[in-house]
file final-v6.tsv (TSV, C-alpha atoms and all ligand atoms)
chain	number	residue	atom	x	y	z
A	1	MET	CA	0.00	0.00	0.00
A	2	SER	CA	1.53	3.30	-1.08
A	3	LEU	CA	1.40	6.21	1.32
A	4	SER	CA	-0.38	9.44	0.44
A	5	ALA	CA	1.60	12.67	0.10
A	6	ALA	CA	-0.01	13.85	3.37
A	7	GLN	CA	1.21	10.70	5.17
A	8	VAL	CA	4.74	11.15	3.83
A	9	ASP	CA	4.67	14.80	4.96
A	10	ARG	CA	3.49	13.74	8.41
A	11	PHE	CA	6.34	11.21	8.62
A	12	HIS	CA	8.90	13.89	7.83
A	13	ASP	CA	7.23	16.39	10.13
A	14	GLU	CA	6.81	14.22	13.23
A	15	GLY	CA	9.61	11.69	12.61
A	16	TYR	CA	7.15	8.80	12.80
A	17	LEU	CA	3.98	7.56	11.17
A	18	GLN	CA	1.48	4.98	12.39
A	19	ILE	CA	-0.46	3.16	9.68
A	20	ASP	CA	-3.29	1.00	10.98
A	21	GLY	CA	-4.30	-2.03	8.93
A	22	LEU	CA	-1.21	-1.96	6.71
A	23	LEU	CA	-0.65	-5.68	7.26
A	24	ARG	CA	-3.32	-8.34	7.34
A	25	GLN	CA	-3.59	-11.07	9.94
A	26	GLU	CA	-2.60	-13.51	7.16
A	27	ASP	CA	0.68	-11.59	6.76
A	28	LEU	CA	1.44	-12.09	10.47
A	29	ASN	CA	0.13	-15.62	11.09
A	30	PRO	CA	3.04	-17.48	9.42
A	31	VAL	CA	5.54	-15.58	11.60
A	32	ILE	CA	3.52	-16.28	14.73
A	33	TYR	CA	3.38	-19.95	13.77
A	34	GLU	CA	7.14	-19.97	13.16
A	35	PHE	CA	7.78	-18.56	16.64
A	36	GLU	CA	5.28	-20.96	18.21
A	37	MET	CA	7.20	-23.87	16.70
A	38	ILE	CA	10.56	-22.54	17.88
A	39	ILE	CA	9.27	-21.93	21.40
A	40	ASP	CA	7.67	-25.34	21.55
A	41	ARG	CA	10.87	-27.02	20.40
A	42	ARG	CA	12.97	-25.08	22.90
A	43	ALA	CA	10.50	-25.71	25.72
A	44	ARG	CA	10.57	-29.46	25.13
A	45	GLN	CA	14.37	-29.47	25.11
A	46	MET	CA	14.57	-27.35	28.27
A	47	TYR	CA	11.97	-29.55	29.95
A	48	ALA	CA	13.99	-32.63	29.03
A	49	ASP	CA	17.13	-30.94	30.42
A	50	GLY	CA	15.36	-30.20	33.71
A	51	HIS	CA	15.16	-26.39	33.35
A	52	LEU	CA	11.36	-26.34	33.11
A	53	THR	CA	8.76	-28.14	35.20
A	54	GLN	CA	5.82	-27.28	32.92
A	55	LEU	CA	5.34	-26.82	29.18
A	56	HIS	CA	2.25	-24.56	29.28
A	57	GLU	CA	1.27	-26.06	25.93
A	58	ARG	CA	-2.34	-24.90	26.06
A	59	GLU	CA	-1.49	-21.27	26.65
A	60	PRO	CA	-1.98	-18.81	23.77
A	61	PHE	CA	0.90	-17.13	21.92
A	62	GLU	CA	0.60	-13.95	23.97
A	63	ARG	CA	1.03	-15.77	27.29
A	64	ARG	CA	3.07	-18.92	26.79
A	65	ILE	CA	6.57	-17.49	26.49
A	66	GLY	CA	5.97	-15.30	29.57
A	67	LEU	CA	5.07	-18.32	31.67
A	68	LEU	CA	8.00	-20.36	30.36
A	69	ALA	CA	10.45	-17.48	30.79
A	70	ALA	CA	9.33	-16.96	34.39
A	71	GLU	CA	10.91	-20.32	35.09
A	72	HIS	CA	13.80	-20.24	32.61
A	73	HIS	CA	14.45	-16.94	30.92
A	74	PRO	CA	16.88	-18.08	28.19
A	75	ILE	CA	13.92	-19.47	26.30
A	76	ALA	CA	13.13	-15.92	25.16
A	77	ARG	CA	16.63	-15.12	23.90
A	78	ASP	CA	17.97	-14.79	20.37
A	79	LEU	CA	14.76	-14.84	18.42
A	80	GLY	CA	16.04	-12.19	16.00
A	81	PRO	CA	15.38	-12.80	12.30
A	82	ASN	CA	19.03	-13.53	11.59
A	83	ARG	CA	19.17	-16.08	14.42
A	84	VAL	CA	15.98	-17.84	13.50
A	85	LEU	CA	16.42	-17.55	9.71
A	86	GLY	CA	12.81	-18.54	9.18
A	87	CYS	CA	11.06	-18.43	5.84
A	88	ALA	CA	8.04	-16.63	7.32
A	89	MET	CA	10.34	-14.02	8.85
A	90	PHE	CA	12.00	-13.49	5.47
A	91	ASN	CA	8.62	-13.14	3.78
A	92	LEU	CA	7.56	-10.54	6.32
A	93	MET	CA	10.78	-8.60	5.73
A	94	CYS	CA	9.97	-8.57	1.98
A	95	ASN	CA	6.20	-8.13	2.37
A	96	PRO	CA	5.03	-6.04	-0.62
A	97	ARG	CA	2.55	-4.04	1.49
A	98	LEU	CA	5.38	-3.03	3.80
A	99	LEU	CA	7.79	-2.32	0.95
A	100	ASP	CA	5.21	-0.31	-1.01
A	101	ALA	CA	4.73	1.96	2.01
A	102	LEU	CA	8.50	2.32	2.43
A	103	ASP	CA	8.91	2.92	-1.29
A	104	SER	CA	6.76	6.04	-0.86
A	105	ILE	CA	9.42	7.49	1.44
A	106	LEU	CA	12.68	5.82	0.39
A	107	GLY	CA	12.08	5.27	-3.32
A	108	PRO	CA	12.30	1.98	-5.19
A	109	GLU	CA	15.79	0.89	-4.06
A	110	ILE	CA	15.44	-0.61	-0.58
A	111	LEU	CA	17.96	-2.33	1.67
A	112	ALA	CA	16.88	-4.25	4.77
A	113	HIS	CA	19.30	-3.10	7.47
A	114	PRO	CA	21.14	-5.85	9.37
A	115	THR	CA	19.79	-4.68	12.75
A	116	GLN	CA	16.47	-6.44	13.13
A	117	VAL	CA	15.02	-7.41	16.47
A	118	VAL	CA	12.25	-9.65	17.74
A	119	ARG	CA	10.95	-8.64	21.16
A	120	PRO	CA	8.78	-10.83	23.30
A	121	ARG	CA	8.41	-8.18	26.00
A	122	ILE	CA	7.82	-9.86	29.34
A	123	ARG	CA	7.10	-8.44	32.77
A	124	ASP	CA	10.35	-8.36	34.74
A	125	ARG	CA	8.92	-9.76	37.94
A	126	ASP	CA	8.13	-12.93	36.02
A	127	LEU	CA	11.78	-13.42	35.23
A	128	SER	CA	13.97	-15.77	37.17
A	129	ALA	CA	17.20	-14.73	38.86
A	130	ASP	CA	19.41	-15.87	35.98
A	131	ARG	CA	18.24	-13.05	33.71
A	132	ARG	CA	21.07	-11.01	32.25
A	133	ARG	CA	19.49	-7.56	32.39
A	134	THR	CA	16.24	-5.71	32.69
A	135	THR	CA	14.06	-6.67	29.80
A	136	ASP	CA	10.65	-5.24	30.65
A	137	ARG	CA	11.24	-1.89	28.92
A	138	THR	CA	13.49	-0.20	26.37
A	139	PRO	CA	15.10	3.00	27.63
A	140	ILE	CA	14.72	6.18	25.61
A	141	HIS	CA	17.19	6.36	22.74
A	142	GLN	CA	17.66	7.07	19.05
A	143	ASP	CA	18.63	4.22	16.77
A	144	ALA	CA	21.40	6.47	15.38
A	145	GLY	CA	22.77	6.64	18.93
A	146	VAL	CA	23.54	2.94	18.94
A	147	LEU	CA	25.07	2.77	15.45
A	148	ARG	CA	28.24	4.24	13.94
A	149	PRO	CA	28.14	8.00	13.18
A	150	ASP	CA	28.35	7.38	9.42
A	151	VAL	CA	24.63	6.52	9.60
A	152	ASP	CA	23.62	9.97	10.82
A	153	GLU	CA	22.90	11.40	7.35
A	154	THR	CA	21.14	8.23	6.18
A	155	LEU	CA	17.37	8.09	6.20
A	156	LEU	CA	17.07	4.87	8.18
A	157	ILE	CA	13.48	3.87	8.89
A	158	THR	CA	12.31	1.36	11.44
A	159	ALA	CA	9.12	-0.55	10.71
A	160	TRP	CA	7.82	-1.51	14.15
A	161	ILE	CA	5.39	-4.39	13.78
A	162	PRO	CA	3.27	-5.69	16.66
A	163	LEU	CA	2.32	-9.37	16.59
A	164	THR	CA	0.00	-8.98	19.60
A	165	ARG	CA	-1.78	-5.90	20.93
A	166	ALA	CA	0.67	-3.37	22.36
A	167	ASP	CA	-0.70	-0.81	24.80
A	168	GLU	CA	0.35	1.20	27.83
A	169	GLU	CA	-0.21	-1.77	30.11
A	170	ASN	CA	2.09	-4.17	28.29
A	171	GLY	CA	4.71	-1.64	27.21
A	172	CYS	CA	3.87	-0.17	23.82
A	173	LEU	CA	6.25	1.99	21.83
A	174	ALA	CA	6.36	5.70	22.73
A	175	VAL	CA	8.01	8.51	20.76
A	176	ILE	CA	8.77	12.19	21.22
A	177	PRO	CA	7.19	13.63	18.07
A	178	GLY	CA	9.49	16.02	16.23
A	179	SER	CA	12.57	14.99	18.23
A	180	HIS	CA	14.33	13.88	15.02
A	181	ARG	CA	14.97	17.56	14.29
A	182	TYR	CA	17.49	17.91	17.13
A	183	GLY	CA	20.27	15.72	15.75
A	184	VAL	CA	21.94	12.83	17.53
A	185	ARG	CA	21.85	13.23	21.30
A	186	ARG	CA	24.54	11.93	23.63
A	187	HIS	CA	23.77	8.41	24.87
A	188	ASP	CA	24.91	6.94	28.12
A	189	PRO	CA	25.71	4.55	26.38
A	190	HIS	CA	22.38	3.01	25.29
A	191	SER	CA	19.93	5.62	26.56
A	192	ILE	CA	19.64	9.41	26.45
A	193	PRO	CA	20.14	11.14	29.82
A	194	ASP	CA	17.25	13.46	30.82
A	195	GLU	CA	19.31	16.62	30.32
A	196	GLU	CA	20.03	15.61	26.71
A	197	LEU	CA	16.39	15.02	25.72
A	198	PRO	CA	14.88	17.37	23.15
A	199	PRO	CA	11.73	19.26	24.19
A	200	GLY	CA	8.38	17.49	23.94
A	201	ASP	CA	6.44	14.80	25.74
A	202	LEU	CA	6.59	11.09	25.13
A	203	ARG	CA	3.57	9.98	23.13
A	204	PRO	CA	2.51	6.36	23.77
A	205	LEU	CA	1.41	4.59	20.58
A	206	PRO	CA	-1.02	1.77	21.42
A	207	VAL	CA	-1.52	-0.48	18.39
A	208	ASP	CA	-3.22	-3.66	17.29
A	209	PRO	CA	-1.66	-6.32	15.07
A	210	GLY	CA	-1.81	-5.14	11.46
A	211	SER	CA	-0.63	-1.64	12.36
A	212	VAL	CA	2.92	-0.63	11.53
A	213	ILE	CA	4.77	2.29	13.12
A	214	PHE	CA	7.48	3.79	10.93
A	215	PHE	CA	10.05	6.04	12.58
A	216	THR	CA	13.40	7.54	11.72
A	217	HIS	CA	16.66	6.64	13.41
A	218	LEU	CA	16.76	10.17	14.86
A	219	VAL	CA	13.43	10.15	16.65
A	220	CYS	CA	13.70	9.62	20.42
A	221	HIS	CA	11.68	6.58	21.40
A	222	CYS	CA	11.34	3.91	24.06
A	223	GLY	CA	9.33	0.84	25.00
A	224	LEU	CA	7.19	1.66	28.04
A	225	PRO	CA	7.46	-0.59	31.12
A	226	HIS	CA	5.60	-3.85	30.86
A	227	GLN	CA	3.05	-4.40	33.62
A	228	SER	CA	0.84	-7.14	32.28
A	229	ASP	CA	0.72	-10.89	31.88
A	230	ARG	CA	0.09	-10.35	28.17
A	231	VAL	CA	3.41	-10.64	26.36
A	232	ARG	CA	4.02	-7.77	23.95
A	233	TRP	CA	5.38	-9.45	20.85
A	234	SER	CA	6.86	-7.11	18.26
A	235	ILE	CA	9.40	-7.13	15.47
A	236	ASP	CA	11.43	-4.11	14.46
A	237	LEU	CA	12.88	-4.19	10.96
A	238	ARG	CA	14.94	-1.38	9.49
A	239	TYR	CA	15.17	-0.15	5.91
A	240	GLN	CA	17.12	2.42	3.94
A	241	ASP	CA	18.46	3.36	0.52
A	242	PRO	CA	21.29	0.89	-0.27
A	243	ALA	CA	23.51	3.75	-1.47
A	244	GLN	CA	23.66	5.21	2.05
A	245	PRO	CA	25.83	3.99	4.97
A	246	THR	CA	24.22	1.58	7.44
A	247	GLY	CA	26.29	2.51	10.50
A	248	ASN	CA	26.91	-1.18	11.08
A	249	PRO	CA	30.59	-2.01	10.54
A	250	VAL	CA	30.12	-5.74	10.98
A	251	PHE	CA	27.14	-7.01	9.00
A	252	GLU	CA	25.76	-6.35	5.52
A	253	GLY	CA	22.15	-5.55	4.80
A	254	SER	CA	20.02	-7.27	2.17
A	255	ILE	CA	18.50	-5.79	-0.97
A	256	VAL	CA	14.78	-6.41	-0.72
A	257	ARG	CA	13.58	-4.19	-3.56
A	258	SER	CA	15.40	-2.84	-6.58
A	259	ARG	CA	13.60	-1.41	-9.56
A	260	SER	CA	16.94	-0.71	-11.32
A	261	ASN	CA	18.26	-4.25	-10.83
A	262	PRO	CA	15.55	-6.71	-9.75
A	263	GLN	CA	18.10	-9.55	-10.02
A	264	SER	CA	19.87	-8.15	-6.99
A	265	GLU	CA	16.86	-8.76	-4.72
A	266	LEU	CA	17.80	-11.45	-2.25
A	267	THR	CA	16.00	-14.80	-2.36
A	268	TYR	CA	15.29	-16.75	0.80
A	269	PRO	CA	18.18	-19.25	0.27
A	270	GLN	CA	20.57	-16.36	-0.44
A	271	TRP	CA	19.45	-14.57	2.73
A	272	VAL	CA	20.02	-17.72	4.80
A	273	SER	CA	23.50	-18.24	3.38
A	274	GLN	CA	24.34	-14.55	3.80
A	275	TRP	CA	23.57	-14.80	7.53
A	276	LYS	CA	25.18	-18.19	7.97
A	277	ARG	CA	28.31	-16.69	6.44
A	278	GLN	CA	28.35	-13.59	8.57
A	279	LEU	CA	26.97	-14.73	11.89
A	280	VAL	CA	28.54	-17.35	14.07
A	281	HIS	CA	25.53	-18.54	15.96
A	282	ASP	CA	27.23	-19.00	19.31
A	283	ASN	CA	28.70	-15.51	19.31
A	284	PRO	CA	26.81	-12.56	20.73
A	285	TRP	CA	25.92	-9.66	18.47
A	286	PRO	CA	29.08	-7.50	18.52
A	287	PRO	CA	28.56	-4.16	20.27
A	288	ILE	CA	28.93	-0.97	18.22
A	289	PRO	CA	30.48	1.40	20.77
A	290	ARG	CA	29.54	4.91	19.75
A	291	TRP	CA	30.06	6.59	23.11
A	292	PRO	CA	33.39	5.26	24.40
A	293	GLU	CA	33.63	8.01	26.99
A	294	ALA	CA	30.38	6.97	28.67
A	295	LYS	CA	30.53	5.05	31.95
B	301	LIG	O1	10.08	-2.33	21.12
B	301	LIG	C1	10.60	-1.63	21.96
B	301	LIG	O2	10.35	-1.73	23.16
B	301	LIG	C2	11.60	-0.61	21.55
B	301	LIG	C3	11.87	-0.66	20.09
B	301	LIG	C4	13.10	0.05	19.70
B	301	LIG	O3	13.83	0.58	20.47
B	301	LIG	C5	13.44	0.10	18.29
B	301	LIG	O4	12.70	-0.47	17.47
B	301	LIG	O5	14.46	0.73	17.96

call {"tool": "encode", "arguments": {"input": "final-v6.tsv", "output": "structure tokens"}}
result
Amino acid sequence: MSLSAAQVDRFHDEGYLQIDGLLRQEDLNPVIYEFEMIIDRRARQMYADGHLTQLHEREPFERRIGLLAAEHHPIARDLGPNRVLGCAMFNLMCNPRLLDALDSILGPEILAHPTQVVRPRIRDRDLSADRRRTTDRTPIHQDAGVLRPDVDETLLITAWIPLTRADEENGCLAVIPGSHRYGVRRHDPHSIPDEELPPGDLRPLPVDPGSVIFFTHLVCHCGLPHQSDRVRWSIDLRYQDPAQPTGNPVFEGSIVRSRSNPQSELTYPQWVSQWKRQLVHDNPWPPIPRWPEAK
């Protein structure tokens, strides 16, 4: 679905744009099914290894991982597209409805940025003591603030895609509209200290599955604290013009649309081998230290 000129203007004006009903439930269901299969497989293995006492098999998608993670948090780790390498995930990344909307802003040459995240957001008090860090919220930041400075002039757009309802109770996305006009703020090192925040109030953006929130890598945003037993499942994918720097010194992006050279669009097998080549599965995602002076 192409965006109207008014929607494109609003995106540039506010630094974000929420489009309800951009995706259909049938666009999301294969991804949900893919995650359900992965979680089920992991749960059975962890149960067999003695880390879980229950499988919670009858629980719905928006509750099961929360209940499992309360007992053994690692079950919720490393579900990013490039870890899972699922066909449904790839199809979502290349979904024509999503790319048509992005095409209205970026033009017909589109690169999927290597930083793509899957977030089953779970209430912290459900997490067991072995958790590595707070996971029930995302502190306020700009995506540019956690990439290399060469990305600053790029128009890098996140497509934030909820798989379950996201609202103020279970930690929806919130943005400071217009904050993209104030350049890259100092991060400390992954969040913006209060004194560095541009003027304006955080605007919570409750959304249902099917909605997509697009925002630039300069808009200040966060994930609100999660206070519900409903898991907030979301995927954030990033896109840009392939001619511009990605700010990621380690991994390449993938061409997902090219009107000038359609042959260069990545197929699913090529995407899988690209990630198998560049990601050693047992290694953590390498940090991109932009603020070395920060504590
Ligand atoms: O989903 C969230 O809680 C935060 C998302 C975010 O920080 C991002 O997409 O860059």

call {"tool": "axis_aligned_box", "arguments": {"input": "final-v6.tsv", "around": "stretch 236-243 of chain A", "padding_each_side": "5 Å", "output": "lines of an AutoDock Vina configuration file"}}
result
center_x = 17.5
center_y = -0.2
center_z = 6.5
size_x = 22.1
size_y = 17.9
size_z = 25.9

call {"tool": "residues_near_ligand", "arguments": {"input": "final-v6.tsv", "ligand": "ligand LIG 301 (chain B)", "cutoff": "8 Å", "atoms": "all atoms listed in the file", "output": "list in words"}}
result
Val117, Arg119, Arg121, Arg137, Thr138, Pro139, Ile140, His141, Gln142, Asp143, Thr158, Ala159, Trp160, Gly171, Cys172, Leu173, His217, His221, Cys222, Gly223, Leu224, Ser234, Ile235, Asp236 and Leu237 of chain A

call {"tool": "residues_around", "arguments": {"input": "final-v6.tsv", "residues": "A:Pro177", "least_positions_apart": "2", "cutoff": "6 Å", "atoms": "all atoms listed in the file", "output": "list in words"}}
result
Glu14, Val175 and Ser179 of chain A

call {"tool": "closest_residue", "arguments": {"input": "final-v6.tsv", "among": "A:Leu92, A:Leu55, A:Leu23, A:Leu156", "to": "A:Asp208", "atoms": "only C-alpha atoms"}}
result
A:Leu23

call {"tool": "residues_around", "arguments": {"input": "final-v6.tsv", "residues": "A:Tyr182", "least_positions_apart": "5", "cutoff": "9 Å", "atoms": "all atoms listed in the file", "output": "PDB file with C-alpha atoms, keeping the file's coordinate frame"}}
result
ATOM      1  CA  PRO A 198      14.880  17.370  23.150  1.00  0.00           C
ATOM      2  CA  LEU A 218      16.760  10.170  14.860  1.00  0.00           C
ATOM      3  CA  VAL A 219      13.430  10.150  16.650  1.00  0.00           C
TER       4      VAL A 219
END

call {"tool": "closest_residue", "arguments": {"input": "final-v6.tsv", "among": "A:Ile32, A:Ala69, A:Met37, A:Val250", "to": "A:Gln278", "atoms": "all atoms listed in the file"}}
result
A:Val250

call {"tool": "closest_residue", "arguments": {"input": "final-v6.tsv", "among": "A:Asp188, A:Trp233, A:Pro60, A:Ala166", "to": "A:Leu28", "atoms": "all atoms listed in the file"}}
result
A:Trp233

call {"tool": "closest_residue", "arguments": {"input": "final-v6.tsv", "among": "A:Gly15, A:Gly50, A:Gln244, A:Pro120", "to": "A:Gly183", "atoms": "all atoms listed in the file"}}
result
A:Gly15

call {"tool": "closest_residue", "arguments": {"input": "final-v6.tsv", "among": "A:Arg186, A:Arg97, A:Arg238, A:Arg165", "to": "A:Glu62", "atoms": "all atoms listed in the file"}}
result
A:Arg165

call {"tool": "atom_distance", "arguments": {"input": "final-v6.tsv", "atom1": "atom CA of A:Ile39", "atom2": "atom CA of A:Ile255"}}
result
29.1 Å

call {"tool": "atom_distance", "arguments": {"input": "final-v6.tsv", "atom1": "atom CA of A:Arg185", "atom2": "atom CA of A:Asp152"}}
result
11.1 Å

call {"tool": "closest_residue", "arguments": {"input": "final-v6.tsv", "among": "A:Val146, A:Glu169, A:Ser2, A:Gln227", "to": "A:Trp291", "atoms": "all atoms listed in the file"}}
result
A:Val146

call {"tool": "residues_around", "arguments": {"input": "final-v6.tsv", "residues": "A:Tyr16", "least_positions_apart": "3", "cutoff": "9 Å", "atoms": "all atoms listed in the file", "output": "ChimeraX atom specification"}}
result
/A:10-13,157,175,177-178,213-216,219

call {"tool": "atom_distance", "arguments": {"input": "final-v6.tsv", "atom1": "atom CA of A:Gln270", "atom2": "atom CA of A:Leu85"}}
result
11.0 Å

call {"tool": "residues_around", "arguments": {"input": "final-v6.tsv", "residues": "A:Val212", "least_positions_apart": "6", "cutoff": "7 Å", "atoms": "only C-alpha atoms", "output": "PyMOL selection string"}}
result
chain A and resi 18-20+22+159-161

call {"tool": "residues_around", "arguments": {"input": "final-v6.tsv", "residues": "stretch 80-84 of chain A", "least_positions_apart": "5", "cutoff": "10 Å", "atoms": "only C-alpha atoms", "output": "list in words"}}
result
Glu34, Phe35, Ile38, Met89, Phe90, Met93, Pro114, Thr115, Gln116, Val117, Val118, Arg119, Ile235, Asp236, Leu237, Trp271, Val272, Gln274, Trp275, Lys276, Gln278, Leu279, Val280, His281 and Asp282 of chain A

call {"tool": "decode", "arguments": {"input": "final-v6.tsv", "residues": "stretch 218-235 of chain A", "atoms": "N, CA and C atoms", "output": "mmCIF file, in the first residue's frame"}}
result
data_model
loop_
_atom_site.group_PDB
_atom_site.id
_atom_site.type_symbol
_atom_site.label_atom_id
_atom_site.label_comp_id
_atom_site.auth_asym_id
_atom_site.auth_seq_id
_atom_site.Cartn_x
_atom_site.Cartn_y
_atom_site.Cartn_z
ATOM 1 N N LEU A 218 16.444 9.006 14.029
ATOM 2 C CA LEU A 218 16.761 10.174 14.856
ATOM 3 C C LEU A 218 15.636 10.501 15.838
ATOM 4 N N VAL A 219 14.525 9.824 15.724
ATOM 5 C CA VAL A 219 13.433 10.150 16.649
ATOM 6 C C VAL A 219 13.718 9.463 17.995
ATOM 7 N N CYS A 220 13.482 10.202 19.087
ATOM 8 C CA CYS A 220 13.699 9.621 20.421
ATOM 9 C C CYS A 220 12.500 8.733 20.741
ATOM 10 N N HIS A 221 12.779 7.509 21.146
ATOM 11 C CA HIS A 221 11.683 6.576 21.400
ATOM 12 C C HIS A 221 12.075 5.600 22.494
ATOM 13 N N CYS A 222 11.074 4.915 23.023
ATOM 14 C CA CYS A 222 11.344 3.906 24.057
ATOM 15 C C CYS A 222 10.220 2.879 24.023
ATOM 16 N N GLY A 223 10.416 1.794 24.744
ATOM 17 C CA GLY A 223 9.334 0.842 24.999
ATOM 18 C C GLY A 223 8.925 1.068 26.446
ATOM 19 N N LEU A 224 7.646 1.369 26.673
ATOM 20 C CA LEU A 224 7.187 1.657 28.044
ATOM 21 C C LEU A 224 7.311 0.397 28.914
ATOM 22 N N PRO A 225 7.342 0.592 30.244
ATOM 23 C CA PRO A 225 7.464 -0.588 31.122
ATOM 24 C C PRO A 225 6.291 -1.550 30.935
ATOM 25 N N HIS A 226 6.599 -2.798 31.026
ATOM 26 C CA HIS A 226 5.603 -3.846 30.855
ATOM 27 C C HIS A 226 5.005 -4.196 32.216
ATOM 28 N N GLN A 227 3.670 -4.133 32.316
ATOM 29 C CA GLN A 227 3.052 -4.403 33.621
ATOM 30 C C GLN A 227 1.870 -5.347 33.486
ATOM 31 N N SER A 228 1.999 -6.308 32.586
ATOM 32 C CA SER A 228 0.836 -7.138 32.282
ATOM 33 C C SER A 228 1.279 -8.581 32.143
ATOM 34 N N ASP A 229 0.326 -9.514 32.182
ATOM 35 C CA ASP A 229 0.718 -10.893 31.883
ATOM 36 C C ASP A 229 0.537 -11.196 30.393
ATOM 37 N N ARG A 230 0.139 -10.184 29.631
ATOM 38 C CA ARG A 230 0.086 -10.347 28.165
ATOM 39 C C ARG A 230 1.451 -9.983 27.589
ATOM 40 N N VAL A 231 2.103 -10.913 26.958
ATOM 41 C CA VAL A 231 3.411 -10.639 26.359
ATOM 42 C C VAL A 231 3.205 -9.675 25.187
ATOM 43 N N ARG A 232 4.078 -8.689 25.096
ATOM 44 C CA ARG A 232 4.021 -7.772 23.948
ATOM 45 C C ARG A 232 5.016 -8.258 22.916
ATOM 46 N N TRP A 233 4.505 -8.926 21.909
ATOM 47 C CA TRP A 233 5.376 -9.450 20.846
ATOM 48 C C TRP A 233 5.485 -8.418 19.742
ATOM 49 N N SER A 234 6.703 -8.031 19.401
ATOM 50 C CA SER A 234 6.865 -7.112 18.264
ATOM 51 C C SER A 234 8.163 -7.441 17.530
ATOM 52 N N ILE A 235 8.205 -6.951 16.300
ATOM 53 C CA ILE A 235 9.401 -7.126 15.468
ATOM 54 C C ILE A 235 9.780 -5.745 14.966
#
